[in-house]
>>> print(open('work20.txt').read())   # compact mmCIF, C-alpha atoms
# COMPACT_ATOMS: atom_id res chain seq x y z
CA MET S 1 7.33 13.99 -9.48
CA LYS S 2 8.58 10.59 -8.39
CA GLY S 3 5.50 8.62 -9.40
CA ARG S 4 5.53 9.64 -13.05
CA PHE S 5 7.49 6.58 -14.22
CA TRP S 6 4.95 4.36 -12.50
CA VAL S 7 2.13 6.19 -14.24
CA LEU S 8 3.98 5.83 -17.54
CA HIS S 9 4.38 2.12 -16.78
CA TYR S 10 0.60 1.76 -16.51
CA ILE S 11 0.00 3.86 -19.62
CA SER S 12 2.60 1.95 -21.67
CA GLY S 13 0.90 -1.29 -20.57
CA GLY S 14 -2.43 -0.03 -21.90
CA ILE S 15 -0.88 1.14 -25.19
CA LEU S 16 0.97 -2.18 -25.62
CA PHE S 17 -2.30 -4.04 -25.14
CA ILE S 18 -3.89 -2.08 -28.00
CA LEU S 19 -0.80 -2.39 -30.23
CA LEU S 20 -0.55 -6.14 -29.56
CA LEU S 21 -4.21 -6.58 -30.46
CA GLY S 22 -3.48 -4.77 -33.73
CA HIS S 23 -0.43 -6.97 -34.30
CA ILE S 24 -2.40 -10.19 -33.72
CA PHE S 25 -5.21 -9.09 -36.05
CA MET S 26 -2.80 -7.98 -38.78
CA MET S 27 -0.51 -11.00 -38.60
CA HIS S 28 -2.70 -13.91 -37.58
CA PHE S 29 -6.40 -13.14 -37.99
CA TYR S 30 -6.16 -11.12 -41.19
CA LYS S 31 -7.98 -13.75 -43.23
CA PHE S 32 -11.04 -13.59 -41.03
CA LEU S 33 -11.11 -9.98 -39.99
CA LEU S 34 -9.62 -8.03 -42.88
CA LYS S 35 -10.64 -8.42 -46.46
CA LEU S 36 -7.24 -7.77 -48.00
CA GLN S 37 -6.22 -8.47 -51.58
CA PRO S 38 -6.36 -12.17 -52.59
CA GLY S 39 -3.17 -14.11 -51.93
CA TYR S 40 -1.87 -11.58 -49.40
CA GLU S 41 0.49 -13.18 -46.87
CA PRO S 42 1.72 -10.73 -44.22
CA MET S 43 4.75 -12.85 -43.26
CA GLU S 44 6.18 -13.04 -46.79
CA TRP S 45 9.36 -11.07 -47.61
CA GLU S 46 7.66 -8.69 -50.03
CA ALA S 47 4.87 -7.88 -47.57
CA VAL S 48 7.32 -7.26 -44.72
CA ILE S 49 9.46 -4.94 -46.87
CA GLU S 50 6.35 -3.20 -48.15
CA ARG S 51 5.29 -2.43 -44.60
CA ALA S 52 8.83 -1.33 -43.69
CA LYS S 53 8.57 1.36 -46.40
CA ASN S 54 5.37 2.75 -44.96
CA VAL S 55 6.33 5.75 -42.79
CA SER S 56 3.22 5.50 -40.58
CA LEU S 57 3.84 1.83 -39.83
CA VAL S 58 7.54 2.42 -39.15
CA THR S 59 6.58 5.16 -36.68
CA ILE S 60 4.18 2.75 -34.97
CA TYR S 61 6.93 0.07 -34.86
CA ILE S 62 9.33 2.50 -33.19
CA PHE S 63 6.73 3.54 -30.61
CA PHE S 64 5.87 -0.14 -30.08
CA LEU S 65 9.55 -0.81 -29.42
CA LEU S 66 9.84 2.16 -27.08
CA PHE S 67 6.79 1.22 -25.00
CA ALA S 68 7.69 -2.49 -24.93
CA LEU S 69 11.24 -1.77 -23.80
CA PHE S 70 10.15 0.72 -21.15
CA HIS S 71 7.33 -1.48 -19.85
CA GLY S 72 9.44 -4.65 -19.74
CA LEU S 73 12.59 -3.15 -18.27
CA TYR S 74 10.79 -0.96 -15.75
CA GLY S 75 8.70 -3.94 -14.60
CA LEU S 76 11.81 -6.11 -14.29
CA LYS S 77 13.58 -3.34 -12.38
CA ASN S 78 10.70 -3.16 -9.90
CA ILE S 79 10.74 -6.92 -9.35
CA LEU S 80 14.51 -6.85 -8.71
CA ILE S 81 14.26 -3.85 -6.39
CA GLU S 82 11.72 -5.66 -4.23
CA THR S 83 14.40 -8.24 -3.43
CA ASN S 84 15.81 -5.41 -1.31
CA PHE S 85 19.57 -5.73 -1.67
CA GLY S 86 20.00 -2.08 -0.70
CA ARG S 87 20.09 1.37 -2.28
CA ARG S 88 23.40 0.79 -4.09
CA PHE S 89 21.98 -2.29 -5.81
CA GLU S 90 18.89 -0.25 -6.68
CA ARG S 91 20.94 2.54 -8.27
CA GLY S 92 23.08 -0.03 -10.12
CA ILE S 93 20.00 -1.77 -11.53
CA VAL S 94 18.49 1.54 -12.67
CA PHE S 95 21.75 2.57 -14.39
CA LEU S 96 22.21 -0.86 -16.02
CA PHE S 97 18.63 -0.94 -17.33
CA TRP S 98 18.92 2.58 -18.77
CA ILE S 99 22.02 1.49 -20.70
CA ILE S 100 20.39 -1.78 -21.89
CA GLY S 101 17.23 0.12 -22.88
CA ILE S 102 19.07 2.76 -24.87
CA ILE S 103 21.22 0.18 -26.70
CA LEU S 104 18.22 -2.01 -27.56
CA PHE S 105 16.15 0.97 -28.65
CA ALA S 106 18.95 2.27 -30.88
CA PHE S 107 19.48 -1.18 -32.40
CA GLY S 108 15.74 -1.78 -32.93
CA THR S 109 15.17 1.65 -34.45
CA PHE S 110 18.16 1.25 -36.78
CA THR S 111 16.89 -2.17 -37.93
CA THR S 112 13.34 -0.90 -38.52
CA ILE S 113 14.50 2.09 -40.56
CA LYS S 114 17.16 0.13 -42.43
CA ALA S 115 14.60 -2.56 -43.42
CA GLY S 116 12.72 0.08 -45.41
CA GLY S 117 15.71 0.53 -47.72
CA ALA S 118 16.35 -3.21 -48.13
CA GLY S 119 13.74 -3.79 -50.79
CA MET F 1 -11.32 -29.19 29.80
CA LYS F 2 -7.63 -28.62 29.22
CA ILE F 3 -6.43 -26.89 26.07
CA LYS F 4 -2.89 -27.22 24.80
CA PHE F 5 -1.21 -23.92 23.89
CA LEU F 6 1.77 -24.07 21.54
CA VAL F 7 3.53 -20.76 22.06
CA LYS F 8 6.46 -19.57 19.93
CA ARG F 9 9.36 -18.65 22.19
CA TYR F 10 12.30 -16.47 21.25
CA ILE F 11 14.70 -15.27 23.94
CA PRO F 12 17.77 -13.63 22.38
CA ASP F 13 19.74 -13.69 25.68
CA THR F 14 19.59 -17.46 26.03
CA GLY F 15 19.32 -18.31 22.34
CA LYS F 16 15.98 -20.03 22.91
CA ASN F 17 13.97 -20.30 19.70
CA GLY F 18 11.11 -22.78 19.30
CA PHE F 19 7.68 -23.76 20.59
CA ASP F 20 6.73 -24.39 24.22
CA GLU F 21 3.65 -26.37 25.25
CA PHE F 22 1.35 -25.22 28.02
CA ASP F 23 -1.87 -26.80 29.30
CA VAL F 24 -4.51 -24.29 30.23
CA GLU F 25 -7.85 -25.03 31.91
CA PHE F 26 -10.53 -23.69 29.57
CA THR F 27 -13.22 -21.44 31.00
CA GLU F 28 -16.24 -20.08 29.12
CA GLY F 29 -15.52 -16.70 27.53
CA MET F 30 -11.74 -17.16 27.70
CA THR F 31 -9.81 -15.16 25.12
CA VAL F 32 -6.36 -16.09 23.84
CA LEU F 33 -4.96 -13.15 25.80
CA ASP F 34 -6.60 -14.49 28.99
CA ALA F 35 -4.92 -17.84 28.36
CA LEU F 36 -1.53 -16.23 27.73
CA LEU F 37 -1.86 -14.18 30.92
CA TYR F 38 -2.80 -17.36 32.80
CA ILE F 39 0.38 -18.99 31.48
CA LYS F 40 2.46 -15.97 32.47
CA GLU F 41 0.99 -15.77 35.96
CA ASN F 42 0.86 -19.47 36.80
CA ILE F 43 3.18 -21.50 34.60
CA ASP F 44 6.05 -19.49 33.07
CA GLN F 45 6.70 -15.91 34.15
CA SER F 46 9.35 -15.48 31.48
CA LEU F 47 6.77 -15.46 28.67
CA GLY F 48 6.95 -12.14 26.80
CA ILE F 49 3.62 -10.65 25.62
CA ARG F 50 2.45 -7.13 24.92
CA TYR F 51 -1.07 -5.98 25.72
CA SER F 52 -2.84 -2.96 27.12
CA CYS F 53 -6.58 -2.31 26.76
CA ARG F 54 -7.86 -5.93 26.56
CA MET F 55 -10.80 -4.72 24.45
CA GLY F 56 -9.55 -4.50 20.85
CA ILE F 57 -8.76 -0.80 20.84
CA CYS F 58 -5.06 -0.33 21.54
CA GLY F 59 -3.75 -2.81 18.95
CA SER F 60 -0.93 -4.09 21.20
CA CYS F 61 -1.72 -7.80 21.25
CA GLY F 62 -1.70 -8.59 17.52
CA MET F 63 -0.33 -12.08 16.86
CA ILE F 64 -0.75 -15.13 14.64
CA ILE F 65 -3.28 -17.50 16.20
CA ASN F 66 -3.61 -20.89 14.50
CA GLY F 67 -2.13 -19.37 11.34
CA LYS F 68 -4.38 -16.31 11.21
CA PRO F 69 -3.50 -12.75 12.17
CA GLU F 70 -5.74 -11.80 15.09
CA LEU F 71 -5.88 -9.62 18.19
CA ALA F 72 -5.40 -11.97 21.16
CA CYS F 73 -7.82 -9.99 23.34
CA HIS F 74 -10.49 -10.17 20.65
CA THR F 75 -10.21 -13.88 19.89
CA GLN F 76 -12.24 -16.43 21.82
CA VAL F 77 -10.33 -19.64 22.47
CA LYS F 78 -13.40 -21.77 21.67
CA ASN F 79 -13.57 -20.19 18.18
CA VAL F 80 -9.99 -20.98 17.21
CA VAL F 81 -9.15 -24.22 19.01
CA LYS F 82 -8.36 -27.11 16.65
CA ASN F 83 -8.00 -30.67 17.98
CA GLY F 84 -7.63 -29.24 21.48
CA THR F 85 -4.65 -27.09 20.45
CA VAL F 86 -4.07 -23.37 19.90
CA LYS F 87 -0.84 -22.30 18.21
CA VAL F 88 0.34 -18.78 18.95
CA GLU F 89 3.15 -17.00 17.06
CA PRO F 90 4.35 -13.40 16.84
CA ILE F 91 3.55 -11.14 13.86
CA PRO F 92 5.93 -11.85 10.98
CA ASN F 93 7.54 -9.17 8.74
CA LEU F 94 8.67 -7.15 11.75
CA PRO F 95 11.80 -7.55 13.88
CA LEU F 96 11.23 -9.65 16.99
CA ILE F 97 12.18 -8.43 20.47
CA ARG F 98 11.13 -11.47 22.50
CA ASP F 99 8.58 -14.30 22.35
CA LEU F 100 5.34 -12.70 21.12
CA VAL F 101 6.60 -9.11 21.18
CA PRO F 102 7.53 -7.67 17.78
CA ASP F 103 9.41 -4.40 17.41
CA LEU F 104 6.85 -1.96 15.99
CA SER F 105 9.26 0.98 15.70
CA PRO F 106 10.08 0.47 11.95
CA MET F 107 6.35 0.67 11.24
CA PHE F 108 5.94 3.87 13.29
CA GLU F 109 8.98 5.43 11.60
CA LYS F 110 7.29 4.92 8.23
CA HIS F 111 4.05 6.25 9.65
CA LYS F 112 5.84 9.46 10.68
CA LYS F 113 7.18 9.94 7.15
CA ILE F 114 3.73 10.38 5.59
CA LYS F 115 2.91 13.25 7.98
CA PRO F 116 -0.17 11.72 9.60
CA PHE F 117 -1.71 14.97 10.76
CA ILE F 118 -3.69 17.87 9.34
CA ILE F 119 -1.37 20.17 7.36
CA ARG F 120 -2.65 23.74 6.95
CA ASP F 121 -1.32 27.18 6.19
CA ASP F 122 -3.25 28.99 8.95
CA GLU F 123 -0.67 28.42 11.65
CA GLU F 124 -2.21 31.00 13.98
CA GLU F 125 -5.52 29.12 13.99
CA GLN F 126 -3.65 25.85 14.57
CA GLU F 127 -1.75 27.25 17.53
CA ASN F 128 -4.65 29.17 19.07
CA PRO F 129 -7.85 27.55 17.79
CA THR F 130 -10.96 29.69 17.90
CA ARG F 131 -13.51 27.07 16.81
CA GLU F 132 -13.62 23.74 14.99
CA TYR F 133 -13.09 23.42 11.21
CA LYS F 134 -16.21 22.96 9.13
CA GLN F 135 -16.82 19.42 7.83
CA THR F 136 -20.00 17.97 6.36
CA PRO F 137 -21.09 14.36 7.09
CA GLU F 138 -20.35 13.52 3.42
CA GLU F 139 -16.80 14.82 3.78
CA LEU F 140 -16.39 12.78 6.95
CA LEU F 141 -17.50 9.60 5.15
CA GLU F 142 -14.66 10.06 2.63
CA TYR F 143 -12.12 8.93 5.22
CA LEU F 144 -14.11 7.63 8.19
CA GLN F 145 -13.47 3.90 7.78
CA PHE F 146 -9.71 4.48 7.40
CA SER F 147 -9.62 6.41 10.66
CA TYR F 148 -10.65 3.25 12.53
CA CYS F 149 -7.10 1.87 12.10
CA ILE F 150 -5.55 0.98 15.49
CA GLN F 151 -2.04 0.40 14.10
CA CYS F 152 -1.84 -3.17 15.36
CA GLY F 153 0.39 -4.26 12.46
CA LEU F 154 -1.75 -7.25 11.48
CA CYS F 155 -2.05 -5.92 7.92
CA ILE F 156 1.75 -6.01 7.67
CA SER F 157 1.80 -9.63 8.78
CA SER F 158 -0.35 -10.68 5.83
CA CYS F 159 1.22 -8.41 3.21
CA PRO F 160 3.38 -10.32 0.69
CA VAL F 161 5.27 -7.16 -0.30
CA SER F 162 6.16 -6.34 3.32
CA SER F 163 7.55 -9.87 3.70
CA THR F 164 10.12 -9.37 0.95
CA ASP F 165 10.66 -5.61 0.91
CA GLU F 166 11.38 -4.10 4.31
CA LEU F 167 11.49 -0.61 2.82
CA PHE F 168 7.89 -0.90 1.55
CA PHE F 169 5.64 1.72 3.12
CA GLN F 170 3.23 -0.97 4.42
CA PRO F 171 -0.56 -1.11 4.08
CA PHE F 172 -1.68 0.79 7.15
CA VAL F 173 0.78 3.62 6.50
CA LEU F 174 -0.53 4.08 2.96
CA ALA F 175 -4.13 3.84 4.20
CA GLN F 176 -3.37 6.59 6.71
CA ALA F 177 -1.78 8.69 3.97
CA TYR F 178 -5.02 8.40 1.98
CA ARG F 179 -7.08 9.15 5.09
CA PHE F 180 -5.33 12.51 5.52
CA CYS F 181 -5.19 13.30 1.78
CA VAL F 182 -8.99 13.20 1.48
CA ASP F 183 -9.70 14.97 4.75
CA SER F 184 -11.50 18.19 3.82
CA ARG F 185 -9.61 20.12 6.53
CA ASP F 186 -6.20 19.14 5.16
CA GLU F 187 -4.07 21.10 2.69
CA GLY F 188 -1.04 18.80 2.44
CA ILE F 189 -2.25 16.40 -0.27
CA LEU F 190 0.48 17.24 -2.83
CA GLU F 191 3.21 16.97 -0.21
CA ARG F 192 1.96 13.58 0.92
CA LEU F 193 1.48 12.21 -2.60
CA GLU F 194 5.09 13.13 -3.38
CA ILE F 195 6.19 11.01 -0.40
CA VAL F 196 4.06 7.93 -1.13
CA SER F 197 4.80 7.83 -4.86
CA GLN F 198 8.53 7.32 -4.38
CA SER F 199 10.33 3.99 -4.67
CA HIS F 200 8.92 1.30 -2.30
CA GLY F 201 5.77 3.40 -2.06
CA VAL F 202 2.16 3.09 -3.14
CA PHE F 203 2.84 1.54 -6.57
CA ASN F 204 4.79 -1.35 -5.07
CA CYS F 205 1.52 -2.75 -3.67
CA HIS F 206 0.64 -5.96 -5.57
CA PHE F 207 -3.00 -5.70 -4.54
CA ALA F 208 -3.04 -9.14 -2.94
CA GLY F 209 -5.67 -7.81 -0.52
CA GLY F 210 -4.34 -9.74 2.49
CA CYS F 211 -4.25 -6.56 4.55
CA SER F 212 -7.99 -5.99 4.20
CA ASN F 213 -8.70 -9.60 5.19
CA ALA F 214 -6.48 -9.36 8.24
CA CYS F 215 -7.72 -6.05 9.64
CA PRO F 216 -9.58 -6.69 12.92
CA LYS F 217 -11.34 -3.31 12.71
CA GLY F 218 -12.83 -3.79 9.23
CA VAL F 219 -10.62 -1.17 7.58
CA ASP F 220 -9.89 -1.79 3.91
CA PRO F 221 -6.26 -0.69 3.38
CA ALA F 222 -6.16 -2.31 -0.08
CA LEU F 223 -8.97 0.00 -1.19
CA ALA F 224 -7.19 3.03 0.28
CA ILE F 225 -4.03 2.11 -1.61
CA GLN F 226 -5.89 1.85 -4.93
CA LEU F 227 -7.58 5.19 -4.29
CA LEU F 228 -4.19 6.67 -3.40
CA LYS F 229 -2.82 5.43 -6.75
CA ARG F 230 -5.71 7.22 -8.43
CA LEU F 231 -4.76 10.46 -6.66
CA VAL F 232 -1.13 10.07 -7.81
CA PHE F 233 -2.39 9.55 -11.39
CA LYS F 234 -4.48 12.71 -11.15
CA LYS F 235 -1.49 14.61 -9.80
CA CYS F 236 0.72 13.40 -12.66
CA PHE F 237 -1.81 14.65 -15.22
CA GLY F 238 -2.11 17.99 -13.45
CA LEU F 239 -5.72 17.32 -12.47
CA LEU F 240 -5.04 17.76 -8.78
CA LYS F 241 -4.38 21.20 -7.44
CA LYS F 242 -3.48 22.17 -3.92
CA LYS F 243 -6.83 22.26 -2.16
CA LYS F 244 -7.90 24.85 0.33
CA GLY F 245 -8.86 23.30 3.67
CA ARG F 246 -12.32 23.97 5.03
CA GLU F 247 -12.68 27.15 7.00
CA VAL F 248 -13.41 27.55 10.69
CA VAL F 249 -17.07 27.37 11.65
CA PRO F 250 -18.42 30.91 12.23
CA PRO F 251 -19.50 31.69 15.79
CA TYR F 252 -23.16 31.02 16.53
CA PRO F 253 -25.26 34.18 16.72
CA GLU F 254 -26.08 35.13 20.27
CA GLY F 255 -29.84 34.74 20.83
CA PRO F 256 -31.94 36.01 23.71
CA ASN F 257 -31.06 34.15 26.93
CA LYS F 258 -34.64 33.17 27.73
CA HIS F 259 -33.76 30.51 30.31
CA LYS F 260 -31.12 32.68 31.99
CA ILE F 261 -28.33 30.16 31.37
CA PRO F 262 -25.15 31.43 33.03
CA LYS F 263 -22.14 32.21 30.82
CA ALA F 264 -19.32 29.69 30.67
CA PRO F 265 -16.41 30.53 32.97
CA PRO F 266 -13.26 31.89 31.30
CA LYS F 267 -10.66 29.43 30.01
CA THR F 268 -8.20 28.26 32.63
CA VAL F 269 -5.57 26.85 30.25
>>> encode(input="work20.txt", output="structure tokens")
Amino acid sequence: MKGRFWVLHYISGGILFILLLGHIFMMHFYKFLLKLQPGYEPMEWEAVIERAKNVSLVTIYIFFLLFALFHGLYGLKNILIETNFGRRFERGIVFLFWIIGIILFAFGTFTTIKAGGAG
Amino acid sequence: MKIKFLVKRYIPDTGKNGFDEFDVEFTEGMTVLDALLYIKENIDQSLGIRYSCRMGICGSCGMIINGKPELACHTQVKNVVKNGTVKVEPIPNLPLIRDLVPDLSPMFEKHKKIKPFIIRDDEEEQENPTREYKQTPEELLEYLQFSYCIQCGLCISSCPVSSTDELFFQPFVLAQAYRFCVDSRDEGILERLEIVSQSHGVFNCHFAGGCSNACPKGVDPALAIQLLKRLVFKKCFGLLKKKKGREVVPPYPEGPNKHKIPKAPPKTV
């Protein structure tokens, strides 16, 4: 069905909202909201590498990347398509954004997995 | 009292494109259409306008009056006049034929695409109807307000998406799609949702709501579009199955003819 990407766009927006809330709490409000071990700094090298070794967190990172890329690129594609430069332009934009999305996803996934072995 | 009418002129043959000024003697109860017809009959016969019913039903005389989309036959001059002037322009977002006459054919082409009619499997009943299809008052209320649309195109004139994207399905077309999707007699909901969910379809609506503000008949196309999105969501999650249209009303039982009412003559057509 043709509308399924639109539906996925809405769903990915909702998921990103939840994941971004989690990100903000974990990275910026941790002192107030989470009673972690004393002296814990989430932005320090050791903490970042520690998280990169956690399989559950790495899985979340990859899904975060996937949803963010899809949501952003699909939204941008829709804005560009509304400029109405014709069907050929539309097909070109869709093809270009698929390529950009796949490259960025592959690069992001590689970096996330590789970071786990860096420590 | 004289009122100055600033009328947008566009004559492709002569290359004329700009505003003309006309002074019209105001009379009580005068509508903008009355004033335009006065101009056409007494001042400038070359003025191009489109109208038909003069009572807000046909939707032919939609135009921009002092910056607002209105039906000319439905708009009292005394209600819109500002500093003794009324400015009249054609509907934007549609190709212009001449002066105040837009070309509505692109809008009707899109309307055709969404199959604005009852789709059913019982072709025999459609071709040779025996009785009416059953429909409860509650089922009627599901789509009633959207059936008041007169296809005047004023919703298109105030739609920001229609102004940039000429392939966009347009508010009234999507509202009509919803109107038929929720009609209890219809069986073509899945077919129609497939059409409206494609590119430049229902999801391209930004929900600015201008269409609902502009509608002279009180239809709320923005609401219909949001409800249509909901139907597409349901379809994507497999929650919407092809519905069976309501059946034909059974014939009334023949009672005793106490008052000796004669039988209806046989059908002539």
>>> residues_around(input="work20.txt", residues="Arg185 of chain F", least_positions_apart="3", cutoff="7 Å", atoms="all atoms listed in the file", output="list of chain:residue names")
F:Ile118, F:Tyr133, F:Gly245, F:Arg246
>>> write_last_selection(input="work20.txt", atoms="C-alpha atoms", output="compact mmCIF listing (two decimals), keeping the file's coordinate frame")
# COMPACT_ATOMS: atom_id res chain seq x y z
CA ILE F 118 -3.69 17.87 9.34
CA TYR F 133 -13.09 23.42 11.21
CA GLY F 245 -8.86 23.30 3.67
CA ARG F 246 -12.32 23.97 5.03
>>> interface_residues(input="work20.txt", of="chain S", to="chain F", cutoff="8 Å", atoms="all atoms listed in the file", output="ChimeraX atom specification")
/S:1-4,6-7,78,82-84
>>> residues_around(input="work20.txt", residues="segment 54-71 of chain F", least_positions_apart="2", cutoff="8 Å", atoms="only C-alpha atoms", output="PDB file with C-alpha atoms, keeping the file's coordinate frame")
ATOM      1  CA  LEU F  33      -4.960 -13.150  25.800  1.00  0.00           C
ATOM      2  CA  ILE F  49       3.620 -10.650  25.620  1.00  0.00           C
ATOM      3  CA  ARG F  50       2.450  -7.130  24.920  1.00  0.00           C
ATOM      4  CA  TYR F  51      -1.070  -5.980  25.720  1.00  0.00           C
ATOM      5  CA  SER F  52      -2.840  -2.960  27.120  1.00  0.00           C
ATOM      6  CA  CYS F  73      -7.820  -9.990  23.340  1.00  0.00           C
ATOM      7  CA  HIS F  74     -10.490 -10.170  20.650  1.00  0.00           C
ATOM      8  CA  THR F  75     -10.210 -13.880  19.890  1.00  0.00           C
ATOM      9  CA  VAL F  80      -9.990 -20.980  17.210  1.00  0.00           C
ATOM     10  CA  VAL F  81      -9.150 -24.220  19.010  1.00  0.00           C
ATOM     11  CA  VAL F  86      -4.070 -23.370  19.900  1.00  0.00           C
ATOM     12  CA  LYS F  87      -0.840 -22.300  18.210  1.00  0.00           C
ATOM     13  CA  VAL F  88       0.340 -18.780  18.950  1.00  0.00           C
ATOM     14  CA  GLU F  89       3.150 -17.000  17.060  1.00  0.00           C
ATOM     15  CA  PRO F  90       4.350 -13.400  16.840  1.00  0.00           C
ATOM     16  CA  ILE F  91       3.550 -11.140  13.860  1.00  0.00           C
ATOM     17  CA  LEU F 100       5.340 -12.700  21.120  1.00  0.00           C
ATOM     18  CA  ILE F 150      -5.550   0.980  15.490  1.00  0.00           C
ATOM     19  CA  GLN F 151      -2.040   0.400  14.100  1.00  0.00           C
ATOM     20  CA  CYS F 152      -1.840  -3.170  15.360  1.00  0.00           C
ATOM     21  CA  GLY F 153       0.390  -4.260  12.460  1.00  0.00           C
ATOM     22  CA  LEU F 154      -1.750  -7.250  11.480  1.00  0.00           C
ATOM     23  CA  SER F 157       1.800  -9.630   8.780  1.00  0.00           C
ATOM     24  CA  SER F 158      -0.350 -10.680   5.830  1.00  0.00           C
ATOM     25  CA  ALA F 214      -6.480  -9.360   8.240  1.00  0.00           C
ATOM     26  CA  PRO F 216      -9.580  -6.690  12.920  1.00  0.00           C
TER      27      PRO F 216
END
>>> residues_around(input="work20.txt", residues="Ile11 of chain F", least_positions_apart="2", cutoff="12 Å", atoms="only C-alpha atoms", output="MDAnalysis selection string")
chainID F and resid 8:9 13:19 46:48 96:101
>>> residues_around(input="work20.txt", residues="Gly108 of chain S", least_positions_apart="6", cutoff="10 Å", atoms="only C-alpha atoms", output="PyMOL selection string")
chain S and resi 61-62+65-66+102+114
>>> residues_around(input="work20.txt", residues="Ala35 of chain F", least_positions_apart="5", cutoff="12 Å", atoms="only C-alpha atoms", output="number ranges by chain")
F: 2-7, 22-30, 40-43, 47, 49, 72-73, 75-78, 86-88
>>> write_last_selection(input="work20.txt", atoms="C-alpha atoms", output="PDB file, in the frame of the given file")
ATOM      1  CA  LYS F   2      -7.630 -28.620  29.220  1.00  0.00           C
ATOM      2  CA  ILE F   3      -6.430 -26.890  26.070  1.00  0.00           C
ATOM      3  CA  LYS F   4      -2.890 -27.220  24.800  1.00  0.00           C
ATOM      4  CA  PHE F   5      -1.210 -23.920  23.890  1.00  0.00           C
ATOM      5  CA  LEU F   6       1.770 -24.070  21.540  1.00  0.00           C
ATOM      6  CA  VAL F   7       3.530 -20.760  22.060  1.00  0.00           C
ATOM      7  CA  PHE F  22       1.350 -25.220  28.020  1.00  0.00           C
ATOM      8  CA  ASP F  23      -1.870 -26.800  29.300  1.00  0.00           C
ATOM      9  CA  VAL F  24      -4.510 -24.290  30.230  1.00  0.00           C
ATOM     10  CA  GLU F  25      -7.850 -25.030  31.910  1.00  0.00           C
ATOM     11  CA  PHE F  26     -10.530 -23.690  29.570  1.00  0.00           C
ATOM     12  CA  THR F  27     -13.220 -21.440  31.000  1.00  0.00           C
ATOM     13  CA  GLU F  28     -16.240 -20.080  29.120  1.00  0.00           C
ATOM     14  CA  GLY F  29     -15.520 -16.700  27.530  1.00  0.00           C
ATOM     15  CA  MET F  30     -11.740 -17.160  27.700  1.00  0.00           C
ATOM     16  CA  LYS F  40       2.460 -15.970  32.470  1.00  0.00           C
ATOM     17  CA  GLU F  41       0.990 -15.770  35.960  1.00  0.00           C
ATOM     18  CA  ASN F  42       0.860 -19.470  36.800  1.00  0.00           C
ATOM     19  CA  ILE F  43       3.180 -21.500  34.600  1.00  0.00           C
ATOM     20  CA  LEU F  47       6.770 -15.460  28.670  1.00  0.00           C
ATOM     21  CA  ILE F  49       3.620 -10.650  25.620  1.00  0.00           C
ATOM     22  CA  ALA F  72      -5.400 -11.970  21.160  1.00  0.00           C
ATOM     23  CA  CYS F  73      -7.820  -9.990  23.340  1.00  0.00           C
ATOM     24  CA  THR F  75     -10.210 -13.880  19.890  1.00  0.00           C
ATOM     25  CA  GLN F  76     -12.240 -16.430  21.820  1.00  0.00           C
ATOM     26  CA  VAL F  77     -10.330 -19.640  22.470  1.00  0.00           C
ATOM     27  CA  LYS F  78     -13.400 -21.770  21.670  1.00  0.00           C
ATOM     28  CA  VAL F  86      -4.070 -23.370  19.900  1.00  0.00           C
ATOM     29  CA  LYS F  87      -0.840 -22.300  18.210  1.00  0.00           C
ATOM     30  CA  VAL F  88       0.340 -18.780  18.950  1.00  0.00           C
TER      31      VAL F  88
END
>>> build_atoms(input="work20.txt", residues="segment 48-57 of chain S", atoms="N, CA and C atoms", output="mmCIF file, in the frame of the given file")
data_model
loop_
_atom_site.group_PDB
_atom_site.id
_atom_site.type_symbol
_atom_site.label_atom_id
_atom_site.label_comp_id
_atom_site.auth_asym_id
_atom_site.auth_seq_id
_atom_site.Cartn_x
_atom_site.Cartn_y
_atom_site.Cartn_z
ATOM 1 N N VAL S 48 6.581 -7.849 -45.852
ATOM 2 C CA VAL S 48 7.320 -7.260 -44.720
ATOM 3 C C VAL S 48 8.045 -6.000 -45.191
ATOM 4 N N ILE S 49 8.714 -6.087 -46.338
ATOM 5 C CA ILE S 49 9.460 -4.940 -46.870
ATOM 6 C C ILE S 49 8.511 -3.800 -47.253
ATOM 7 N N GLU S 50 7.365 -4.199 -47.778
ATOM 8 C CA GLU S 50 6.350 -3.200 -48.150
ATOM 9 C C GLU S 50 5.921 -2.391 -46.929
ATOM 10 N N ARG S 51 5.696 -3.107 -45.832
ATOM 11 C CA ARG S 51 5.290 -2.430 -44.600
ATOM 12 C C ARG S 51 6.429 -1.568 -44.050
ATOM 13 N N ALA S 52 7.666 -2.070 -44.216
ATOM 14 C CA ALA S 52 8.830 -1.330 -43.690
ATOM 15 C C ALA S 52 9.039 -0.012 -44.434
ATOM 16 N N LYS S 53 8.439 0.110 -45.628
ATOM 17 C CA LYS S 53 8.570 1.360 -46.400
ATOM 18 C C LYS S 53 7.482 2.372 -46.041
ATOM 19 N N ASN S 54 6.489 1.883 -45.350
ATOM 20 C CA ASN S 54 5.370 2.750 -44.960
ATOM 21 C C ASN S 54 5.758 3.571 -43.717
ATOM 22 N N VAL S 55 5.835 4.879 -43.884
ATOM 23 C CA VAL S 55 6.330 5.750 -42.790
ATOM 24 C C VAL S 55 5.446 5.649 -41.535
ATOM 25 N N SER S 56 4.129 5.590 -41.735
ATOM 26 C CA SER S 56 3.220 5.500 -40.580
ATOM 27 C C SER S 56 3.479 4.222 -39.787
ATOM 28 N N LEU S 57 3.618 3.110 -40.513
ATOM 29 C CA LEU S 57 3.840 1.830 -39.830
ATOM 30 C C LEU S 57 5.193 1.809 -39.119
#
